[in-house]
$ cat model_9.cif   # mmCIF, C-alpha atoms
data_final
loop_
_atom_site.label_atom_id
_atom_site.label_comp_id
_atom_site.auth_asym_id
_atom_site.auth_seq_id
_atom_site.Cartn_x
_atom_site.Cartn_y
_atom_site.Cartn_z
CA ALA V 7 -17.28 1.58 -12.60
CA TRP V 8 -14.79 3.70 -10.65
CA ALA V 9 -12.09 1.05 -11.09
CA LYS V 10 -12.62 1.08 -14.85
CA LYS V 11 -12.55 4.89 -14.84
CA CYS V 12 -9.19 4.81 -13.05
CA LEU V 13 -7.86 2.62 -15.87
CA ASP V 14 -9.10 5.19 -18.38
CA TYR V 15 -7.00 7.76 -16.53
CA GLY V 16 -3.92 5.57 -16.99
CA ALA V 17 -3.63 3.65 -13.72
CA ASP V 18 -1.42 0.54 -13.89
CA LEU V 19 -3.29 -1.16 -11.07
CA ILE V 20 -6.24 -0.54 -8.76
CA CYS V 21 -6.13 -0.08 -4.99
CA LEU V 22 -9.41 -1.05 -3.36
CA ARG V 23 -9.95 0.10 0.23
CA LEU V 24 -12.54 -1.75 2.28
CA ALA V 25 -13.45 1.30 4.37
CA SER V 26 -16.99 0.05 4.90
CA THR V 27 -15.69 -2.75 7.13
CA ASP V 28 -14.30 -0.37 9.75
CA PRO V 29 -15.88 -1.16 13.16
CA ALA V 30 -15.71 2.56 13.95
CA GLY V 31 -17.81 3.24 10.84
CA THR V 32 -20.50 1.14 9.18
CA ASN V 33 -18.84 -2.13 10.29
CA GLY V 34 -19.72 -3.93 7.06
CA SER V 35 -19.48 -7.69 6.90
CA ALA V 36 -16.53 -9.68 5.61
CA ASP V 37 -18.78 -11.53 3.16
CA ALA V 38 -20.06 -8.29 1.61
CA ALA V 39 -16.53 -6.93 1.30
CA ALA V 40 -15.30 -10.13 -0.31
CA ALA V 41 -18.16 -10.03 -2.81
CA THR V 42 -17.25 -6.46 -3.74
CA VAL V 43 -13.60 -7.35 -4.24
CA LYS V 44 -14.52 -10.36 -6.36
CA LYS V 45 -16.78 -8.21 -8.55
CA VAL V 46 -14.06 -5.61 -9.12
CA VAL V 47 -11.32 -8.17 -9.76
CA THR V 48 -13.35 -10.04 -12.36
CA SER V 49 -14.35 -6.80 -14.11
CA ILE V 50 -10.87 -5.45 -14.82
CA GLY V 51 -7.71 -6.94 -16.24
CA VAL V 52 -5.04 -5.36 -14.06
CA PRO V 53 -3.49 -6.22 -10.66
CA VAL V 54 -5.53 -5.28 -7.59
CA VAL V 55 -4.29 -4.11 -4.20
CA VAL V 56 -6.76 -4.66 -1.36
CA TYR V 57 -6.46 -2.75 1.89
CA GLY V 58 -8.55 -3.54 4.95
CA SER V 59 -9.83 -0.85 7.30
CA GLY V 60 -6.70 -0.91 9.46
CA ASP V 61 -8.53 -2.39 12.44
CA GLU V 62 -6.26 -5.28 13.41
CA ALA V 63 -8.96 -7.68 14.56
CA LYS V 64 -11.52 -6.92 11.86
CA ASP V 65 -8.90 -7.12 9.12
CA VAL V 66 -8.22 -10.73 10.05
CA GLU V 67 -11.85 -11.59 9.43
CA VAL V 68 -12.16 -9.48 6.29
CA LEU V 69 -8.87 -10.17 4.54
CA THR V 70 -8.93 -13.92 5.13
CA ARG V 71 -12.42 -13.99 3.61
CA VAL V 72 -11.26 -11.89 0.65
CA ALA V 73 -8.30 -14.23 0.12
CA GLU V 74 -10.64 -17.20 0.03
CA ALA V 75 -13.28 -15.60 -2.21
CA CYS V 76 -10.64 -14.47 -4.72
CA SER V 77 -8.52 -17.62 -4.62
CA GLY V 78 -6.05 -17.71 -7.49
CA GLU V 79 -6.48 -14.03 -8.43
CA LYS V 80 -3.02 -13.07 -7.10
CA LEU V 81 -4.14 -10.07 -5.08
CA LEU V 82 -1.82 -7.91 -2.98
CA ILE V 83 -3.60 -7.71 0.37
CA GLY V 84 -2.92 -5.99 3.68
CA PRO V 85 -1.90 -4.46 5.82
CA VAL V 86 -0.54 -7.27 7.93
CA VAL V 87 1.02 -6.11 11.19
CA LYS V 88 2.74 -7.79 14.11
CA GLU V 89 -0.56 -8.43 15.86
CA ASN V 90 -2.41 -10.15 12.99
CA TYR V 91 0.07 -11.34 10.36
CA GLU V 92 -0.26 -15.07 11.04
CA PRO V 93 -3.87 -15.78 10.00
CA ILE V 94 -3.83 -13.31 7.10
CA SER V 95 -0.52 -14.55 5.67
CA LYS V 96 -1.71 -18.14 6.06
CA ALA V 97 -4.86 -17.42 4.05
CA ALA V 98 -2.87 -15.47 1.44
CA LEU V 99 -0.41 -18.33 1.03
CA GLU V 100 -3.16 -20.93 0.74
CA HIS V 101 -5.02 -18.97 -1.94
CA GLY V 102 -2.11 -17.66 -3.99
CA HIS V 103 -1.91 -14.00 -2.96
CA SER V 104 0.84 -11.60 -1.89
CA ILE V 105 0.80 -9.45 1.23
CA ILE V 106 1.58 -5.93 2.40
CA ALA V 107 3.69 -5.92 5.56
CA GLN V 108 3.34 -2.78 7.68
CA ALA V 109 5.54 -1.75 10.59
CA SER V 110 4.81 1.93 10.97
CA MET V 111 7.78 4.27 10.51
CA ASP V 112 10.46 1.93 11.85
CA ALA V 113 13.09 0.11 9.77
CA ASN V 114 14.07 -2.26 12.58
CA LEU V 115 10.46 -3.30 13.22
CA THR V 116 10.03 -3.74 9.48
CA LYS V 117 12.85 -6.26 9.50
CA GLU V 118 11.43 -8.05 12.54
CA LEU V 119 8.05 -8.41 10.83
CA ASN V 120 9.62 -9.61 7.59
CA VAL V 121 11.71 -12.19 9.45
CA ALA V 122 8.60 -13.48 11.24
CA LEU V 123 6.63 -13.63 8.00
CA CYS V 124 9.37 -15.42 6.08
CA LYS V 125 9.28 -18.35 8.48
CA SER V 126 6.15 -19.48 6.63
CA PHE V 127 5.62 -17.08 3.71
CA PRO V 128 7.71 -16.54 0.52
CA ALA V 129 9.86 -13.42 0.67
CA ASP V 130 9.20 -12.66 -3.00
CA ARG V 131 5.49 -12.23 -2.27
CA ILE V 132 5.92 -9.56 0.40
CA VAL V 133 5.64 -5.81 -0.22
CA VAL V 134 6.57 -3.36 2.55
CA ASP V 135 4.38 -0.37 3.43
CA PRO V 136 6.39 1.81 5.84
CA THR V 137 3.35 4.17 6.12
CA SER V 138 3.68 7.44 4.24
CA SER V 139 3.35 11.03 5.37
CA ALA V 140 2.34 13.96 3.17
CA LEU V 141 4.64 16.82 2.23
CA GLY V 142 4.96 19.10 5.24
CA TYR V 143 3.56 16.48 7.61
CA GLY V 144 6.50 14.16 8.19
CA LEU V 145 7.69 13.47 4.65
CA GLU V 146 11.32 13.72 5.73
CA PHE V 147 10.86 10.95 8.30
CA THR V 148 9.19 8.56 5.85
CA PHE V 149 11.82 9.41 3.25
CA SER V 150 14.60 8.47 5.68
CA ILE V 151 12.87 5.20 6.63
CA ILE V 152 12.57 4.16 2.98
CA GLU V 153 16.23 5.07 2.46
CA ARG V 154 17.27 2.99 5.47
CA ILE V 155 15.31 -0.05 4.29
CA LYS V 156 16.87 0.24 0.83
CA HIS V 157 20.33 0.71 2.31
CA PHE V 158 20.01 -2.39 4.50
CA GLY V 159 18.84 -4.42 1.54
CA LEU V 160 21.10 -3.20 -1.25
CA PHE V 161 24.32 -2.25 0.52
CA ASP V 162 24.27 -4.54 3.56
CA LYS V 163 22.85 -7.44 1.50
CA ASP V 164 20.14 -8.07 4.09
CA LYS V 165 17.66 -10.39 2.38
CA MET V 166 14.95 -9.46 4.86
CA MET V 167 15.04 -5.87 3.61
CA LEU V 168 14.97 -6.48 -0.13
CA MET V 169 11.19 -6.45 -0.51
CA PRO V 170 9.59 -3.86 -2.82
CA ILE V 171 8.28 -0.73 -1.07
CA LEU V 172 4.79 0.68 -1.43
CA ALA V 173 4.16 4.39 -0.79
CA ASP V 174 0.48 4.98 -0.05
CA VAL V 175 0.36 8.75 -0.54
CA GLY V 176 -3.00 9.66 -2.04
CA GLY V 177 -5.18 9.52 1.04
CA GLU V 178 -2.58 11.25 3.20
CA CYS V 179 -2.08 14.14 0.78
CA TRP V 180 -5.73 14.90 0.22
CA ARG V 181 -6.55 15.09 3.91
CA VAL V 182 -4.14 17.99 4.60
CA LYS V 183 -5.43 21.55 4.78
CA GLU V 184 -3.28 22.75 1.86
CA ALA V 185 -4.94 20.27 -0.50
CA LYS V 186 -8.41 21.07 0.81
CA GLU V 187 -7.85 24.79 0.27
CA ASN V 188 -7.04 24.54 -3.43
CA ALA V 189 -7.36 21.66 -5.90
CA ASP V 190 -4.36 22.69 -8.02
CA GLN V 191 -2.27 22.96 -4.88
CA GLY V 192 -3.52 19.51 -3.79
CA ILE V 193 -2.46 17.98 -7.10
CA LEU V 194 1.05 19.38 -6.70
CA TRP V 195 1.11 18.32 -3.03
CA GLU V 196 0.35 14.74 -4.05
CA ALA V 197 2.76 14.72 -7.00
CA VAL V 198 5.71 16.17 -5.05
CA THR V 199 5.09 13.72 -2.19
CA ALA V 200 4.96 10.76 -4.57
CA LEU V 201 8.06 11.82 -6.50
CA SER V 202 9.99 12.27 -3.26
CA TYR V 203 9.27 8.68 -2.25
CA ILE V 204 10.14 7.37 -5.70
CA VAL V 205 13.51 9.12 -5.39
CA ALA V 206 13.91 7.55 -1.92
CA GLY V 207 13.36 4.09 -3.41
CA ALA V 208 9.62 3.36 -3.45
CA ASN V 209 8.64 0.83 -6.12
CA LEU V 210 4.90 1.44 -6.10
CA VAL V 211 2.91 4.58 -5.31
CA ILE V 212 -0.82 4.77 -4.70
CA LEU V 213 -2.33 8.04 -5.93
CA ARG V 214 -5.78 9.66 -5.85
CA HIS V 215 -5.94 12.40 -8.48
CA PRO V 216 -5.68 11.61 -12.23
CA THR V 217 -3.69 14.77 -12.93
CA ALA V 218 -1.18 13.82 -10.22
CA LEU V 219 -0.91 10.41 -11.90
CA LYS V 220 -0.24 12.08 -15.24
CA LEU V 221 2.47 14.28 -13.71
CA ILE V 222 4.16 11.32 -12.01
CA LYS V 223 4.17 9.28 -15.22
CA GLU V 224 5.77 12.20 -17.04
CA MET V 225 8.40 12.58 -14.31
CA ILE V 226 9.20 8.86 -14.34
CA ALA V 227 9.62 9.01 -18.13
CA GLU V 228 12.07 11.88 -17.69
CA LEU V 229 14.01 9.97 -15.02
#
$ encode --input "model_9.cif" --output "structure tokens"
Amino acid sequence: AWAKKCLDYGADLICLRLASTDPAGTNGSADAAAATVKKVVTSIGVPVVVYGSGDEAKDVEVLTRVAEACSGEKLLIGPVVKENYEPISKAALEHGHSIIAQASMDANLTKELNVALCKSFPADRIVVDPTSSALGYGLEFTFSIIERIKHFGLFDKDKMMLMPILADVGGECWRVKEAKENADQGILWEAVTALSYIVAGANLVILRHPTALKLIKEMIAEL
């Protein structure tokens, strides 16, 4: 129901976070998570991004099961990191999905991970998540990382740095004290953060608030 509501607000795709699988939280099962993803995917007609909990070991179990349960649905799943990319990318390849490669805040490590992935996985099915900071909490650093990745790809013609970039800003922005203090301020915090990363070269931004989404769509139309 929430996924459908997001579409009513104008979302182009849905990002589903499997927070319940976090071992530090409720430690939900991979089978239950996969069933949830399958239900959402078959209920809406737009692309779906699926994030695990971020626990490297548990994400292997969860995301490989999701890939299998949703075979052929062309999900974008992740994050895959240096420590767990092999089994997740293998499952994604076998079942027709794309993956989110994550090397936190480091352009060189991003390239290393992409090179390793491309030994067995198609480059045109990889999206890079450099990890995103909120305005006032490291935005400048993330901005510079995105710029570097784009520079290596576009100006240096480095094929391992030509993947689209995902900026996952919603969760980061709404956890900061400025957003918690005032909803209108939080909306602007999220919108300014997202626009900054779009200017830096991000191809996809994940947002939380529908008004922030509306503002970003208006800004993109103006650009």
$ closest_residue --input "model_9.cif" --among "V:Ile151, V:Leu24, V:Ile94, V:Ala36" --to "Tyr203 in chain V" --atoms "only C-alpha atoms"
V:Ile151
$ residues_around --input "model_9.cif" --residues "Lys125 in chain V" --least-positions-apart "5" --cutoff "12 Å" --atoms "all atoms listed in the file" --output "JSON, numbers by chain"
{"V": [91, 92, 95, 96, 118, 119, 120, 166]}
$ resolve_selection --input "model_9.cif" --expression "the PyMOL selection byres ((chain V and resi 88) around 10)" --output "list in words"
Glu62, Val86, Val87, Glu89, Asn90, Tyr91, Glu92, Ala107, Gln108, Ala109, Leu115, Thr116, Glu118, Leu119, Asn120, Ala122 and Leu123 of chain V
$ residues_around --input "model_9.cif" --residues "Ile83 in chain V" --least-positions-apart "3" --cutoff "7 Å" --atoms "only C-alpha atoms" --output "VMD selection string"
chain V and resid 55 to 57 104 to 106
$ resolve_selection --input "model_9.cif" --expression "the PyMOL selection byres ((chain V and resi 65) around 9)" --output "list in words"
Thr27, Asp28, Ala36, Tyr57, Gly58, Ser59, Gly60, Asp61, Glu62, Ala63, Lys64, Val66, Glu67, Val68, Leu69, Thr70, Gly84, Pro85, Val86, Asn90 and Ile94 of chain V
$ closest_residue --input "model_9.cif" --among "V:Glu184, V:Asp14, V:Asp130, V:Asp164" --to "Gly142 in chain V" --atoms "all atoms listed in the file"
V:Glu184
$ residues_near_point --input "model_9.cif" --point "(-3.6, 8.5, -8.5)" --cutoff "12 Å" --atoms "all atoms listed in the file" --output "NGL selection string"
:V and (9 or 11-21 or 173-177 or 179-180 or 192-194 or 196-197 or 199-200 or 210-223)
$ atom_distance --input "model_9.cif" --atom1 "CA of Gly34 in chain V" --atom2 "CA of Cys76 in chain V"
18.2 Å
$ resolve_selection --input "model_9.cif" --expression "the PyMOL selection byres ((chain V and resi 78) around 8)" --output "PyMOL selection string"
chain V and resi 76-77+79-80+101-103
$ atom_distance --input "model_9.cif" --atom1 "CA of Trp195 in chain V" --atom2 "CA of Glu178 in chain V"
10.1 Å
$ atom_distance --input "model_9.cif" --atom1 "CA of Ser126 in chain V" --atom2 "CA of Ala98 in chain V"
11.2 Å
$ axis_aligned_box --input "model_9.cif" --around "range 91-106 of chain V" --padding-each-side "3 Å" --output "AutoDock Vina command-line options"
--center_x -1.7 --center_y -13.4 --center_z 3.5 --size_x 12.6 --size_y 21.0 --size_z 21.0
$ closest_residue --input "model_9.cif" --among "V:Ser202, V:Gln191, V:Asn33, V:Thr148" --to "Asp112 in chain V" --atoms "only C-alpha atoms"
V:Thr148
$ closest_residue --input "model_9.cif" --among "V:His157, V:Asp162, V:Arg71, V:Leu168" --to "Ala129 in chain V" --atoms "only C-alpha atoms"
V:Leu168
$ closest_residue --input "model_9.cif" --among "V:Ile171, V:Glu153, V:Ala113, V:Leu201" --to "Ile226 in chain V" --atoms "only C-alpha atoms"
V:Leu201
$ closest_residue --input "model_9.cif" --among "V:Ser35, V:Lys183, V:Ala97, V:Ala206" --to "Phe147 in chain V" --atoms "only C-alpha atoms"
V:Ala206
